[in-house]
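Scroll down for the structure; my scribbles are underneath it.
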Amino acid sequence: MIVITDLITVAANEPLRPVRAGIWKRVLVDAPTLGVDEIYFDAGIATDGHGHDLSQAAYQVSGRFEIQLGSSVVTLGPGDSYSIPAGVDHSVRCVEKGSYVLITARGGATSGDDAHDHDHDHDHAHDHDHGHTSHAHAGHGH
């Protein structure tokens with residue numbers, strides 16, 4: 001039986017958790033097949049290139065981030081979004097302090113399964129490059 005209160009996260013009640021120097025995260029959804037976190041970066045902080053077994057997507061909330069997806073590099077700001085296909089190397093560099101919402105597919109993994117983890121203790125805060133493909137979408141004034 002699905003209990004609706006088990007499916008709701010009151011983000012304001014969730015603490016910011018340190019990922020590493022200059023990066024924090026707030027868990028928004030922690031479900032067996034889907035993870036959603038808001039990732040906060042200080043300016044100048046970057047991740048190393050890396051890829052994931054499952055797909056991810058991000059929505060820029062604030063600040064500016066330089067995103068490397070495969071061999072493409074783009075700078076994105078508030079309202080922009082991009083997808084990260086499974087297996088594509090990608091990285092993030094924060095140009096202007098800000099945050100983005102990171103959506104991570106987990107397949108059939110449980111929320112406690114670290115199979116999709118990438119050197120960031122289940123925070124998906126990108127302390128590594130993550131080989132995103134160039135599926136970036138600029139907000140164009142939206």
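Naming works like this for the structure tokens: A, B, ... for the chains as they're shown, residue 1 at the start of each chain, ligands 1 onward in shown order.
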Residue contacts of Ile39 of chain A (12 Å, only C-alpha atoms) excluding same-chain residues fewer than 2 positions away, as a PyMOL selection string | chain A and resi 16-20+22-28+36-37+41-42+58-63+65+92+94+97-103+120+122-127
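The closest residue to Ala86 of chain A, picked from A:Pro32, A:Gly107, A:Gly70, A:Gly51 and counting only C-alpha atoms, is A:Gly51.
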Given only C-alpha atoms as the counted atoms, nearest of A:Gln68, A:Thr75, A:Ser81, A:Thr33 to Asp48 of chain A |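 Among the listed residues, the smallest separation from Asp48 of chain A belongs to A:Gln68.
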Suppose you want the space between atom CA of Arg93 of chain A and atom CA of Pro78 of chain A; what is it in Å?
->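 We find that atom CA of Arg93 of chain A and atom CA of Pro78 of chain A lie 14.9 Å from each other.
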Between A:Ser91, A:Glu38, A:His50, A:Ala31, which one has atoms that come closest to Ala11 of chain A, using only C-alpha atoms?
->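 That would be A:Glu38, the residue with the smallest distance to Ala11 of chain A.
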Find the distance between atom CA of Thr47 of chain A and atom CA of Arg106 of chain A and write it in Å to one decimal.
-> 21.0 Å
